[in-house]
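Have a look at structure_24.txt below; it lists compact mmCIF, C-alpha atoms.
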```
# COMPACT_ATOMS: atom_id res chain seq x y z
CA MET A 1 -10.99 -31.93 -24.07
CA GLN A 2 -11.70 -29.55 -26.96
CA ILE A 3 -9.21 -26.81 -27.82
CA ASN A 4 -10.10 -23.52 -29.51
CA LEU A 5 -7.97 -23.31 -32.65
CA LEU A 6 -7.94 -19.52 -32.50
CA ASP A 7 -6.07 -19.69 -29.17
CA LEU A 8 -3.19 -21.74 -30.56
CA GLY A 9 -0.92 -18.97 -31.86
CA ASN A 10 2.50 -19.69 -33.32
CA PRO A 11 4.67 -21.55 -30.80
CA THR A 12 7.98 -20.58 -32.46
CA GLU A 13 7.23 -16.88 -31.89
CA LEU A 14 6.60 -17.57 -28.21
CA ALA A 15 9.85 -19.54 -27.99
CA VAL A 16 12.11 -16.69 -29.16
CA ALA A 17 12.79 -15.47 -25.62
CA LEU A 18 13.70 -19.02 -24.59
CA PHE A 19 16.10 -19.29 -27.57
CA VAL A 20 17.86 -16.04 -26.61
CA GLY A 21 18.19 -17.13 -22.99
CA LEU A 22 19.61 -20.55 -23.91
CA ILE A 23 22.11 -19.03 -26.38
CA ILE A 24 23.40 -16.70 -23.64
CA LEU A 25 23.72 -19.67 -21.29
CA GLU A 26 25.56 -21.73 -23.92
CA ILE A 27 27.96 -18.87 -24.74
CA LEU A 28 28.80 -18.46 -21.05
CA TYR A 29 29.13 -22.23 -20.58
CA GLY A 30 31.45 -22.48 -23.60
CA TRP A 31 33.54 -19.54 -22.42
CA LYS A 32 33.89 -21.10 -18.98
CA THR A 33 34.53 -24.71 -20.00
CA GLY A 34 35.84 -24.56 -23.58
CA ARG A 35 33.40 -27.33 -24.56
CA VAL A 36 31.42 -25.11 -26.93
CA THR A 37 32.80 -22.67 -29.47
CA TYR A 38 31.29 -19.57 -30.99
CA GLU A 39 32.56 -17.09 -33.53
CA GLY A 40 30.99 -13.63 -33.61
CA LYS A 41 30.46 -13.25 -37.37
CA ASP A 42 29.31 -16.84 -37.77
CA ALA A 43 26.80 -16.45 -34.93
CA PHE A 44 25.57 -13.16 -36.39
CA ALA A 45 25.11 -14.75 -39.82
CA SER A 46 23.24 -17.72 -38.32
CA MET A 47 20.89 -15.60 -36.24
CA PHE A 48 20.34 -13.12 -39.07
CA MET A 49 19.38 -16.02 -41.35
CA GLY A 50 16.84 -17.04 -38.70
CA PHE A 51 15.49 -13.48 -38.61
CA GLY A 52 15.12 -13.44 -42.41
CA SER A 53 13.56 -16.87 -42.34
CA LYS A 54 10.74 -15.65 -40.08
CA ILE A 55 10.00 -12.84 -42.54
CA ALA A 56 10.18 -15.15 -45.56
CA GLY A 57 7.90 -17.56 -43.69
CA VAL A 58 5.07 -15.07 -44.21
CA ILE A 59 5.32 -15.71 -47.97
CA SER A 60 5.00 -19.46 -47.40
CA ALA A 61 2.02 -18.94 -45.09
CA LEU A 62 0.26 -16.74 -47.66
CA LEU A 63 1.03 -19.09 -50.54
CA TYR A 64 0.25 -22.40 -48.93
CA GLY A 65 -2.04 -21.65 -45.96
CA TRP A 66 -5.07 -21.22 -48.21
CA LEU A 67 -4.21 -24.44 -50.05
CA ALA A 68 -4.06 -26.39 -46.77
CA LEU A 69 -7.41 -25.01 -45.67
CA TRP A 70 -8.94 -25.64 -49.10
CA VAL A 71 -7.86 -29.32 -49.04
CA TRP A 72 -9.13 -29.79 -45.48
CA THR A 73 -12.44 -28.03 -46.19
CA ASN A 74 -13.24 -29.79 -49.44
CA PHE A 75 -11.51 -33.16 -49.45
CA ARG A 76 -11.06 -34.41 -45.88
CA LEU A 77 -11.98 -38.03 -45.31
CA PHE A 78 -12.84 -37.50 -41.62
CA ASP A 79 -13.16 -34.62 -39.22
CA PHE A 80 -11.07 -35.51 -36.21
CA GLY A 81 -12.03 -32.38 -34.31
CA THR A 82 -9.74 -30.70 -31.78
CA ASP A 83 -9.33 -33.26 -28.98
CA LEU A 84 -5.92 -33.64 -27.32
CA TRP A 85 -5.35 -37.04 -28.97
CA VAL A 86 -5.70 -35.35 -32.36
CA PHE A 87 -2.81 -33.05 -31.39
CA ALA A 88 -0.75 -36.10 -30.43
CA LEU A 89 -1.55 -37.80 -33.73
CA ALA A 90 -0.80 -34.60 -35.67
CA PHE A 91 2.54 -34.29 -33.87
CA VAL A 92 3.58 -37.81 -34.93
CA LEU A 93 2.32 -37.40 -38.51
CA ALA A 94 3.98 -33.97 -38.88
CA ASP A 95 7.23 -35.51 -37.61
CA PHE A 96 6.90 -38.28 -40.22
CA ALA A 97 6.30 -35.68 -42.94
CA TYR A 98 9.33 -33.75 -41.64
CA TYR A 99 11.52 -36.84 -41.92
CA TRP A 100 10.77 -37.19 -45.64
CA ILE A 101 11.01 -33.47 -46.35
CA HIS A 102 14.36 -33.50 -44.60
CA ARG A 103 15.61 -36.66 -46.28
CA LEU A 104 14.69 -35.42 -49.74
CA GLY A 105 16.07 -32.03 -48.72
CA HIS A 106 19.47 -33.72 -48.75
CA ARG A 107 18.95 -35.90 -51.80
CA VAL A 108 17.19 -33.61 -54.29
CA ARG A 109 19.18 -30.54 -55.27
CA TRP A 110 16.07 -28.37 -55.74
CA MET A 111 15.13 -28.99 -52.10
CA TRP A 112 18.78 -28.88 -50.97
CA ALA A 113 19.06 -25.36 -52.41
CA ALA A 114 16.80 -24.21 -49.58
CA HIS A 115 18.01 -26.56 -46.85
CA VAL A 116 21.77 -26.17 -47.44
CA ILE A 117 21.66 -22.88 -45.54
CA HIS A 118 21.06 -24.75 -42.29
CA HIS A 119 24.24 -26.78 -42.83
CA SER A 120 26.46 -23.95 -44.03
CA SER A 121 28.10 -23.08 -40.69
CA GLN A 122 31.32 -24.82 -39.68
CA HIS A 123 30.24 -24.31 -36.08
CA TYR A 124 27.71 -26.36 -34.18
CA ASN A 125 26.00 -24.46 -31.42
CA LEU A 126 22.55 -23.16 -30.58
CA SER A 127 22.90 -20.25 -33.02
CA THR A 128 23.30 -22.83 -35.80
CA ALA A 129 19.75 -24.00 -35.06
CA LEU A 130 18.53 -20.58 -36.15
CA ARG A 131 20.46 -20.60 -39.46
CA GLN A 132 17.37 -21.28 -41.53
CA THR A 133 16.41 -20.87 -45.16
CA TRP A 134 14.73 -17.85 -46.72
CA THR A 135 13.48 -19.79 -49.73
CA ASN A 136 11.26 -22.54 -48.35
CA PHE A 137 8.38 -21.19 -50.44
CA LEU A 138 10.28 -22.22 -53.59
CA THR A 139 10.31 -25.88 -52.58
CA PRO A 140 7.59 -28.56 -52.75
CA ASN A 141 7.79 -29.13 -48.97
CA PHE A 142 4.15 -28.16 -48.38
CA LEU A 143 3.01 -31.15 -50.46
CA PHE A 144 4.18 -33.55 -47.73
CA PHE A 145 1.54 -32.22 -45.33
CA ILE A 146 -1.37 -32.52 -47.77
CA PRO A 147 -2.13 -36.17 -46.80
CA ILE A 148 -2.57 -35.08 -43.16
CA TYR A 149 -5.15 -32.43 -44.14
CA PHE A 150 -6.76 -34.96 -46.47
CA LEU A 151 -7.05 -37.39 -43.57
CA GLY A 152 -9.00 -34.78 -41.62
CA ILE A 153 -6.69 -32.95 -39.22
CA HIS A 154 -7.20 -29.18 -39.27
CA PRO A 155 -4.24 -27.23 -40.77
CA ALA A 156 -4.02 -25.01 -37.66
CA ILE A 157 -3.33 -28.11 -35.54
CA VAL A 158 -0.72 -29.42 -37.98
CA ILE A 159 1.04 -26.04 -38.16
CA PHE A 160 1.00 -25.75 -34.37
CA CYS A 161 2.45 -29.25 -33.93
CA TYR A 162 5.06 -28.61 -36.64
CA GLY A 163 6.04 -25.47 -34.72
CA LEU A 164 6.51 -27.56 -31.55
CA ASN A 165 8.63 -29.97 -33.61
CA LEU A 166 10.92 -27.13 -34.71
CA ILE A 167 11.18 -25.83 -31.13
CA TYR A 168 12.23 -29.31 -29.99
CA GLN A 169 14.99 -29.30 -32.57
CA PHE A 170 16.56 -26.12 -31.16
CA TRP A 171 18.20 -27.66 -28.09
CA ILE A 172 19.82 -30.54 -30.01
CA HIS A 173 22.19 -28.12 -31.79
CA THR A 174 24.84 -28.20 -29.11
CA GLU A 175 28.15 -29.79 -28.20
CA ALA A 176 27.53 -29.06 -24.53
CA ILE A 177 25.58 -32.31 -24.06
CA LYS A 178 27.56 -35.43 -24.87
CA LYS A 179 24.94 -38.17 -24.48
CA CYS A 180 21.47 -38.45 -22.98
CA PRO A 181 20.20 -41.54 -21.09
CA LYS A 182 20.18 -44.66 -23.30
CA TRP A 183 16.38 -44.96 -23.47
CA PHE A 184 16.14 -41.32 -24.50
CA GLU A 185 18.84 -41.72 -27.17
CA TYR A 186 16.89 -44.69 -28.54
CA ILE A 187 13.55 -42.94 -28.86
CA PHE A 188 14.31 -39.28 -29.41
CA ASN A 189 16.56 -37.11 -31.54
CA THR A 190 19.40 -35.87 -29.34
CA PRO A 191 22.46 -33.61 -29.62
CA SER A 192 24.59 -36.71 -30.35
CA HIS A 193 22.35 -37.93 -33.20
CA HIS A 194 22.05 -34.46 -34.67
CA ARG A 195 25.79 -33.75 -34.49
CA VAL A 196 26.15 -36.71 -36.83
CA HIS A 197 23.58 -35.17 -39.15
CA HIS A 198 25.54 -31.90 -39.32
CA ALA A 199 28.94 -33.54 -39.76
CA ASN A 200 30.74 -33.68 -43.10
CA ASN A 201 32.86 -36.72 -42.21
CA PRO A 202 32.22 -39.26 -45.02
CA ARG A 203 30.92 -41.82 -42.50
CA TYR A 204 28.21 -39.43 -41.33
CA LEU A 205 26.94 -38.01 -44.64
CA ASP A 206 23.19 -38.34 -45.29
CA ALA A 207 22.28 -39.72 -41.88
CA ASN A 208 19.89 -39.01 -39.00
CA TYR A 209 17.15 -36.98 -40.68
CA ALA A 210 14.71 -37.24 -37.78
CA GLY A 211 13.00 -34.24 -36.27
CA VAL A 212 11.87 -35.67 -32.93
CA PHE A 213 11.50 -39.46 -33.17
CA MET A 214 14.54 -41.53 -34.20
CA ALA A 215 12.17 -44.37 -35.16
CA TRP A 216 11.98 -43.04 -38.74
CA ASP A 217 15.77 -43.27 -39.21
CA ARG A 218 15.86 -46.71 -37.63
CA MET A 219 12.94 -47.88 -39.82
CA PHE A 220 14.23 -46.47 -43.10
CA GLY A 221 17.92 -47.29 -42.67
CA SER A 222 19.37 -43.81 -42.26
CA PHE A 223 20.47 -44.06 -38.62
CA VAL A 224 24.20 -43.68 -37.90
CA PRO A 225 25.45 -43.40 -34.30
CA GLU A 226 28.12 -40.90 -33.25
CA ARG A 227 31.53 -42.50 -32.64
CA ASP A 228 34.28 -41.35 -30.32
CA ASP A 229 36.94 -42.43 -32.83
CA ASP A 230 35.49 -40.22 -35.57
CA PRO A 231 34.73 -36.81 -34.05
CA CYS A 232 32.28 -34.69 -36.02
CA ASN A 233 33.55 -31.94 -38.30
CA TYR A 234 30.78 -29.55 -39.19
CA GLY A 235 29.83 -27.82 -42.39
CA LEU A 236 29.47 -28.72 -46.03
CA VAL A 237 31.66 -30.95 -48.19
CA ASN A 238 32.41 -27.71 -50.03
CA ASP A 239 32.23 -25.01 -47.37
CA LEU A 240 31.01 -21.50 -48.04
CA GLY A 241 33.62 -18.75 -48.14
CA THR A 242 31.41 -16.01 -46.73
CA PHE A 243 29.40 -14.69 -43.79
CA ASN A 244 27.29 -12.51 -46.12
CA PRO A 245 23.64 -13.52 -45.51
CA LEU A 246 22.57 -12.76 -49.08
CA ARG A 247 25.28 -14.97 -50.53
CA ILE A 248 24.47 -17.68 -47.96
CA ALA A 249 20.74 -17.53 -48.78
CA PHE A 250 20.98 -17.76 -52.55
CA HIS A 251 24.28 -19.48 -53.40
CA GLU A 252 22.85 -22.88 -54.31
CA TRP A 253 20.00 -21.38 -56.35
CA ILE A 254 22.61 -19.39 -58.29
CA GLY A 255 24.63 -22.59 -58.73
CA ILE A 256 21.58 -24.44 -60.09
CA ALA A 257 20.77 -21.57 -62.46
CA LYS A 258 24.34 -21.52 -63.80
CA ASP A 259 24.38 -25.28 -64.28
CA ILE A 260 21.02 -25.33 -66.04
CA TRP A 261 22.09 -22.41 -68.26
CA GLY A 262 25.23 -24.26 -69.31
CA ALA A 263 23.63 -27.72 -69.67
CA LYS A 264 23.74 -29.42 -73.05
CA SER A 265 20.44 -31.34 -72.92
CA TRP A 266 17.03 -31.18 -71.29
CA ARG A 267 17.84 -34.41 -69.45
CA ASP A 268 20.86 -32.74 -67.86
CA ARG A 269 18.82 -29.64 -67.02
CA LEU A 270 16.26 -31.80 -65.23
CA LEU A 271 18.90 -33.80 -63.38
CA TYR A 272 20.68 -30.63 -62.22
CA LEU A 273 17.39 -29.91 -60.46
CA ILE A 274 16.32 -33.28 -59.11
CA ALA A 275 19.49 -35.39 -58.84
CA PRO A 276 21.48 -35.38 -55.58
CA PRO A 277 23.64 -32.32 -54.86
CA GLY A 278 27.02 -32.63 -56.59
CA TRP A 279 25.65 -34.52 -59.60
CA THR A 280 27.16 -33.56 -62.95
CA PRO A 281 26.82 -35.32 -66.32
CA ASP A 282 30.58 -36.00 -66.45
CA GLY A 283 31.06 -36.85 -62.76
CA SER A 284 33.46 -33.92 -62.31
CA ARG A 285 31.93 -33.05 -58.92
CA MET A 286 31.18 -35.49 -56.16
CA THR A 287 27.83 -36.47 -54.69
CA SER A 288 27.69 -37.70 -51.10
CA ASP A 289 27.39 -41.27 -52.42
CA MET A 290 30.62 -40.83 -54.39
CA ILE A 291 32.40 -39.36 -51.36
CA LYS A 292 31.29 -42.28 -49.20
CA ALA A 293 32.28 -44.82 -51.85
CA ALA A 294 35.76 -43.26 -52.15
CA TRP A 295 36.10 -43.27 -48.35
CA ARG A 296 35.10 -46.96 -48.17
CA ALA A 297 37.58 -47.81 -50.94
CA ARG A 298 40.38 -46.01 -49.08
CA ASN A 299 39.53 -47.91 -45.91
CA GLU A 300 39.52 -51.22 -47.78
CA ALA A 301 42.87 -50.39 -49.36
CA LYS A 302 44.31 -49.55 -45.93
CA LYS A 303 43.06 -52.86 -44.53
CA THR A 304 44.52 -54.79 -47.44
CA THR A 305 47.87 -53.04 -47.05
CA ALA A 306 47.88 -53.76 -43.31
CA GLN A 307 47.29 -57.50 -43.97
CA MET B 1 5.19 -7.99 -38.83
CA ASP B 2 5.48 -5.63 -35.89
CA PRO B 3 8.31 -3.12 -36.55
CA VAL B 4 9.10 -2.86 -32.83
CA GLN B 5 9.44 -6.64 -32.61
CA LEU B 6 11.71 -6.63 -35.68
CA ALA B 7 13.90 -3.88 -34.18
CA ILE B 8 14.18 -5.74 -30.85
CA SER B 9 15.08 -8.96 -32.71
CA LEU B 10 17.84 -7.23 -34.68
CA MET B 11 19.23 -5.61 -31.54
CA SER B 12 19.21 -8.97 -29.71
CA ILE B 13 21.02 -10.65 -32.61
CA THR B 14 23.67 -7.93 -32.68
CA LEU B 15 24.19 -8.06 -28.90
CA LEU B 16 24.46 -11.87 -28.84
CA ALA B 17 26.95 -11.84 -31.73
CA PHE B 18 28.93 -9.10 -29.96
CA LEU B 19 29.00 -11.18 -26.76
CA ALA B 20 30.15 -14.23 -28.74
CA ALA B 21 32.88 -12.19 -30.47
CA LYS B 22 34.12 -10.78 -27.14
CA LEU B 23 34.20 -14.11 -25.30
CA PHE B 24 35.56 -16.12 -28.22
CA PRO B 25 38.22 -13.93 -29.87
CA VAL B 26 39.41 -15.32 -33.21
CA LYS B 27 42.81 -16.94 -32.84
CA GLU B 28 45.44 -17.54 -35.50
CA VAL B 29 44.29 -20.66 -37.30
CA LEU B 30 46.07 -20.64 -40.64
CA ASN B 31 49.57 -22.11 -40.58
CA LEU B 32 51.44 -24.78 -42.54
CA ALA B 33 50.24 -27.65 -40.36
CA SER B 34 46.58 -26.59 -40.27
CA VAL B 35 46.49 -25.86 -44.01
CA GLN B 36 47.92 -29.28 -44.81
CA ALA B 37 45.67 -31.13 -42.36
CA GLU B 38 42.48 -29.35 -43.37
CA TYR B 39 43.16 -29.55 -47.11
CA GLN B 40 43.88 -33.27 -46.88
CA ARG B 41 40.77 -33.84 -44.83
CA TYR B 42 38.62 -32.48 -47.65
CA ASN B 43 40.84 -33.84 -50.43
CA PRO B 44 42.35 -37.07 -49.12
CA GLU B 45 43.56 -38.19 -52.53
CA ALA B 46 45.37 -34.94 -53.35
CA VAL B 47 49.16 -34.90 -53.11
CA ILE B 48 50.52 -31.57 -51.91
CA ASP B 49 53.85 -30.45 -53.36
CA THR B 50 54.32 -26.97 -51.88
CA ILE B 51 52.33 -24.65 -49.64
CA ILE B 52 52.73 -20.91 -50.19
CA LEU B 53 51.53 -19.23 -47.02
CA GLY B 54 50.32 -15.62 -47.06
CA LEU B 55 52.25 -13.09 -44.96
CA ASP B 56 49.13 -12.21 -42.95
CA HIS B 57 48.13 -15.88 -42.51
CA LYS B 58 44.75 -15.28 -44.15
CA ALA B 59 45.24 -17.47 -47.21
CA ALA B 60 47.52 -20.10 -48.68
CA LEU B 61 48.12 -21.50 -52.16
CA LEU B 62 48.90 -25.17 -52.61
CA LYS B 63 50.85 -26.57 -55.51
CA LEU B 64 49.58 -30.08 -56.09
CA THR B 65 51.35 -33.06 -57.55
CA GLN B 66 48.01 -34.81 -57.80
CA PRO B 67 45.79 -33.58 -59.46
CA GLN B 68 48.41 -31.79 -61.53
CA ASP B 69 46.17 -29.41 -63.41
CA GLN B 70 44.62 -27.91 -60.29
CA LEU B 71 45.55 -25.55 -57.52
CA GLY B 72 44.60 -25.70 -53.86
CA ILE B 73 43.46 -22.55 -52.10
CA VAL B 74 42.88 -22.39 -48.36
CA THR B 75 41.46 -19.25 -46.80
CA ARG B 76 40.62 -18.24 -43.27
CA LEU B 77 36.96 -17.54 -42.53
CA GLY B 78 36.65 -16.39 -38.95
CA ASP B 79 38.21 -19.16 -36.88
CA ARG B 80 37.74 -21.82 -39.55
CA LEU B 81 39.41 -22.67 -42.86
CA VAL B 82 37.79 -22.94 -46.28
CA CYS B 83 39.41 -25.25 -48.83
CA ARG B 84 39.05 -25.04 -52.58
CA THR B 85 40.56 -26.96 -55.45
CA VAL B 86 40.41 -24.90 -58.61
CA GLY B 87 41.31 -25.60 -62.21
CA LYS B 88 41.85 -23.50 -65.28
CA ASP B 89 38.13 -22.99 -65.84
CA ASP B 90 37.49 -21.85 -62.27
CA ILE B 91 39.89 -18.91 -62.32
CA ALA B 92 38.44 -15.89 -64.11
CA SER B 93 41.56 -13.72 -63.73
CA PHE B 94 44.31 -12.79 -61.34
CA ALA B 95 46.06 -9.54 -60.58
CA VAL B 96 49.03 -8.35 -58.57
CA SER B 97 48.98 -5.06 -56.69
CA GLY B 98 52.01 -4.38 -54.50
CA ASP B 99 52.49 -7.42 -52.31
CA THR B 100 48.93 -8.69 -52.86
CA LEU B 101 47.89 -11.33 -55.33
CA THR B 102 44.16 -11.43 -56.03
CA ILE B 103 42.56 -14.44 -57.69
CA ASN B 104 39.09 -13.86 -59.11
CA SER B 105 36.74 -16.74 -59.73
CA ASP B 106 33.08 -17.42 -60.42
CA ASP B 107 32.61 -18.90 -56.92
CA PHE B 108 29.48 -17.08 -55.67
CA THR B 109 30.40 -17.37 -51.98
CA GLN B 110 34.05 -16.48 -52.51
CA PRO B 111 34.35 -14.40 -55.69
CA TYR B 112 37.95 -13.48 -54.97
CA VAL B 113 40.83 -14.50 -52.75
CA SER B 114 43.61 -12.08 -51.81
CA ILE B 115 46.94 -13.27 -50.55
CA ARG B 116 49.87 -11.14 -49.37
CA LEU B 117 53.25 -12.55 -50.36
CA ASP B 118 56.90 -11.62 -50.18
CA PRO B 119 58.56 -10.98 -53.60
CA ASP B 120 60.04 -14.49 -53.99
CA GLU B 121 56.82 -16.23 -53.12
CA MET B 122 54.87 -13.83 -55.33
CA GLN B 123 56.94 -15.03 -58.29
CA SER B 124 56.38 -18.66 -57.34
CA ALA B 125 52.65 -18.06 -56.96
CA GLN B 126 52.38 -16.30 -60.31
CA ARG B 127 54.33 -19.08 -62.00
CA LEU B 128 52.08 -21.62 -60.37
CA ILE B 129 48.89 -19.96 -61.55
CA THR B 130 50.06 -19.20 -65.07
CA SER B 131 51.39 -22.73 -65.47
CA PHE B 132 47.87 -24.01 -65.88
CA THR B 133 45.77 -20.94 -66.67
CA GLU B 134 47.71 -19.92 -69.74
CA PRO B 135 48.51 -21.86 -72.91
CA GLU B 136 51.88 -23.59 -73.06
CA GLY B 137 53.58 -20.88 -75.18
CA ALA B 138 52.27 -18.01 -73.09
CA THR B 139 53.52 -19.67 -69.90
CA HIS B 140 57.04 -19.91 -71.23
CA ALA B 141 56.92 -16.32 -72.47
CA ASN B 142 55.76 -15.18 -69.06
CA GLN B 143 58.43 -17.10 -67.25
CA SER B 144 61.23 -15.85 -69.47
CA ALA B 145 60.01 -12.27 -69.00
```

As structure tokens - that is how I would like this structure written.
Amino acid sequence: MQINLLDLGNPTELAVALFVGLIILEILYGWKTGRVTYEGKDAFASMFMGFGSKIAGVISALLYGWLALWVWTNFRLFDFGTDLWVFALAFVLADFAYYWIHRLGHRVRWMWAAHVIHHSSQHYNLSTALRQTWTNFLTPNFLFFIPIYFLGIHPAIVIFCYGLNLIYQFWIHTEAIKKCPKWFEYIFNTPSHHRVHHANNPRYLDANYAGVFMAWDRMFGSFVPERDDDPCNYGLVNDLGTFNPLRIAFHEWIGIAKDIWGAKSWRDRLLYLIAPPGWTPDGSRMTSDMIKAAWRARNEAKKTTAQ
Amino acid sequence: MDPVQLAISLMSITLLAFLAAKLFPVKEVLNLASVQAEYQRYNPEAVIDTIILGLDHKAALLKLTQPQDQLGIVTRLGDRLVCRTVGKDDIASFAVSGDTLTINSDDFTQPYVSIRLDPDEMQSAQRLITSFTEPEGATHANQSA
């Protein structure tokens, strides 16, 4: 079955009405049961960030759309066409690319500066899913899709499948669903797995980067299950003190600029950009690795004392 | 970008946030127990000596035994708390106006923190801040004044 690429459209735009409907349902469910919490200003900030992200997305499309098409037109190894199986393949490959974008988005401060926005709420509800970056176009994220165009899948198909991937990720931002069936939890990203990803408990830092398929986390050693004895606390290891969207959008970029300005060597300037968030030459701030190491040491000390 | 679509989106966002605010009114979240618990959660190795709680329960200052040269600040943001540990270099200035102490810093997401205090606690708070923001001599001069 051949599909006309011009008919594809942007699936995230079509999903907006669904998002609004589900947020209303979740608010009412949380109000009725107390199992979900919202805060007006936090929800406004999250949704406004999503609004800004859609506008900023136009810049990314203009900057990188032509590049994608240029690679596909001039350098593709094959032409896979527009059969349904190509969409399925594109969906899996886009999810794989997403995994690495996301993983490096947590481990490289330059990429974190854009992604941190999504983690900056201390709440975890469907509005958090919409708290998205305005500065994706400043990151190298587009490079991760180049191999897919090079292979021979048309950029319109990849962008469409990536849109479906992002739509999938909307519903997992909730505390309303405790666990899904075991087989589903094994294969797919779920609210439970993604709660872990948004938690700032030391045990859960830098885990569960998957978009749709948990196989990537299981394969590359970043899977951590949610535990009843360590309930998730959401937000950053150094939470933001504002609901102001402009401050939310640019705070980490400002932080990088200040650090680079005050750095003593070119090595330090480079590392402020590409080392994990929290890196400093003198170790005065903590990276997630340092936080986890300190947490493990405390646990060991407790065990030793108990013995 | 369709302007009508943008306007509808903004209206929807405002209405949803309004609904959330109405159904989930912000409750009092900053008290001695919550400040201690939340600060220790983020800073498990810190040893808290004293907590100076603001009169309006919007902020608290924490005198620390460990680390000695730093100050804990906990502020309320909606229904959540935000914890900071600041040192001499983090505090740009501080000022007192009536019963309000304002601490200015170069923190981009929280450039200042205001805390309302009764007169006794205001003195304690000022002593606490000057004890590590000012040179040894100046601290003593301030205290004797």

Please identify all polymer residues within 12 Å of stretch 103-113 of chain B, counting all atoms listed in the file, omitting same-chain residues fewer than 4 positions from it, and present them as a compact mmCIF listing (two decimals) with C-alpha atoms, keeping the file's coordinate frame.
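Result written to out36.txt:
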```txt
# COMPACT_ATOMS: atom_id res chain seq x y z
CA SER A 120 26.46 -23.95 -44.03
CA ASN A 238 32.41 -27.71 -50.03
CA ASP A 239 32.23 -25.01 -47.37
CA LEU A 240 31.01 -21.50 -48.04
CA GLY A 241 33.62 -18.75 -48.14
CA THR A 242 31.41 -16.01 -46.73
CA PHE A 243 29.40 -14.69 -43.79
CA ASN A 244 27.29 -12.51 -46.12
CA PRO A 245 23.64 -13.52 -45.51
CA LEU A 246 22.57 -12.76 -49.08
CA ARG A 247 25.28 -14.97 -50.53
CA ILE A 248 24.47 -17.68 -47.96
CA ALA A 249 20.74 -17.53 -48.78
CA PHE A 250 20.98 -17.76 -52.55
CA HIS A 251 24.28 -19.48 -53.40
CA GLU A 252 22.85 -22.88 -54.31
CA TRP A 253 20.00 -21.38 -56.35
CA ILE A 254 22.61 -19.39 -58.29
CA GLY A 255 24.63 -22.59 -58.73
CA ILE A 256 21.58 -24.44 -60.09
CA ALA A 257 20.77 -21.57 -62.46
CA LYS A 258 24.34 -21.52 -63.80
CA GLY B 54 50.32 -15.62 -47.06
CA LYS B 58 44.75 -15.28 -44.15
CA ALA B 59 45.24 -17.47 -47.21
CA ALA B 60 47.52 -20.10 -48.68
CA LEU B 61 48.12 -21.50 -52.16
CA LEU B 71 45.55 -25.55 -57.52
CA GLY B 72 44.60 -25.70 -53.86
CA ILE B 73 43.46 -22.55 -52.10
CA VAL B 74 42.88 -22.39 -48.36
CA THR B 75 41.46 -19.25 -46.80
CA ARG B 76 40.62 -18.24 -43.27
CA LEU B 77 36.96 -17.54 -42.53
CA VAL B 82 37.79 -22.94 -46.28
CA CYS B 83 39.41 -25.25 -48.83
CA ARG B 84 39.05 -25.04 -52.58
CA THR B 85 40.56 -26.96 -55.45
CA VAL B 86 40.41 -24.90 -58.61
CA GLY B 87 41.31 -25.60 -62.21
CA LYS B 88 41.85 -23.50 -65.28
CA ASP B 89 38.13 -22.99 -65.84
CA ASP B 90 37.49 -21.85 -62.27
CA ILE B 91 39.89 -18.91 -62.32
CA ALA B 92 38.44 -15.89 -64.11
CA SER B 93 41.56 -13.72 -63.73
CA PHE B 94 44.31 -12.79 -61.34
CA ALA B 95 46.06 -9.54 -60.58
CA VAL B 96 49.03 -8.35 -58.57
CA SER B 97 48.98 -5.06 -56.69
CA ALA B 125 52.65 -18.06 -56.96
CA GLN B 126 52.38 -16.30 -60.31
CA ILE B 129 48.89 -19.96 -61.55
CA THR B 130 50.06 -19.20 -65.07
CA THR B 133 45.77 -20.94 -66.67
```

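For the point (44.2, -14.2, -36.8), the residues with at least one atom inside 9 Å, counting only C-alpha atoms, are Val26, Lys27, Glu28, Val29, Leu30, Asp56, His57, Lys58, Arg76, Gly78 and Asp79 of chain B.
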
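Reported to one decimal place, the separation of atom CA of A:Val237 from atom CA of B:Pro67 is 18.3 Å.
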
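Interatomic distance, atom CA of A:Arg218 to atom CA of A:Gly152: 27.9 Å.
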
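Taking atom CA of A:Leu151 and atom CA of A:Thr82 as endpoints, the distance between them is 13.8 Å.
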
Fewer than 5 positions away in the same chain doesn't count, so skip those; otherwise give me all residues within 12 Å of A:Trp112, counting only C-alpha atoms, as a PyMOL selection string. chain A and resi 101-107+117-120+133+135-136+138-141+206+236+249-253+255-256+272-278

Once you count only C-alpha atoms, which residues end up no further than 12 Å from (6.4, -20.8, -41.8) in the file's frame, shown as a PyMOL selection string? chain A and resi 10-13+50+52-65+132-137+141-142+156+158-160+162-163+166

Compare B:Pro119, B:Gly98, B:Pro25, B:Pro3 by their minimum atom-to-atom distance to chain A, counting only C-alpha atoms, and give me the closest one. B:Pro25

Proximity to chain B - best of A:Tyr168, A:Trp266, A:Tyr234, A:Phe75, all atoms listed in the file: A:Tyr234

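Closest approach to chain B among A:Gln169, A:Ser265, A:Thr190, A:Ser46: A:Ser46, based on only C-alpha atoms.
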
A:Thr33, A:Asn74, A:Asn165, A:Asn201: which is nearest chain B, counting only C-alpha atoms? A:Asn201

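Minimum distance to chain A across B:Ala7, B:Ile115, B:Ala46, B:Ile13 (counting only C-alpha atoms) occurs at B:Ile13.
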
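Closest approach to B:Leu10 among A:Phe48, A:Tyr98, A:Tyr29, A:Trp72: A:Phe48, based on all atoms listed in the file.
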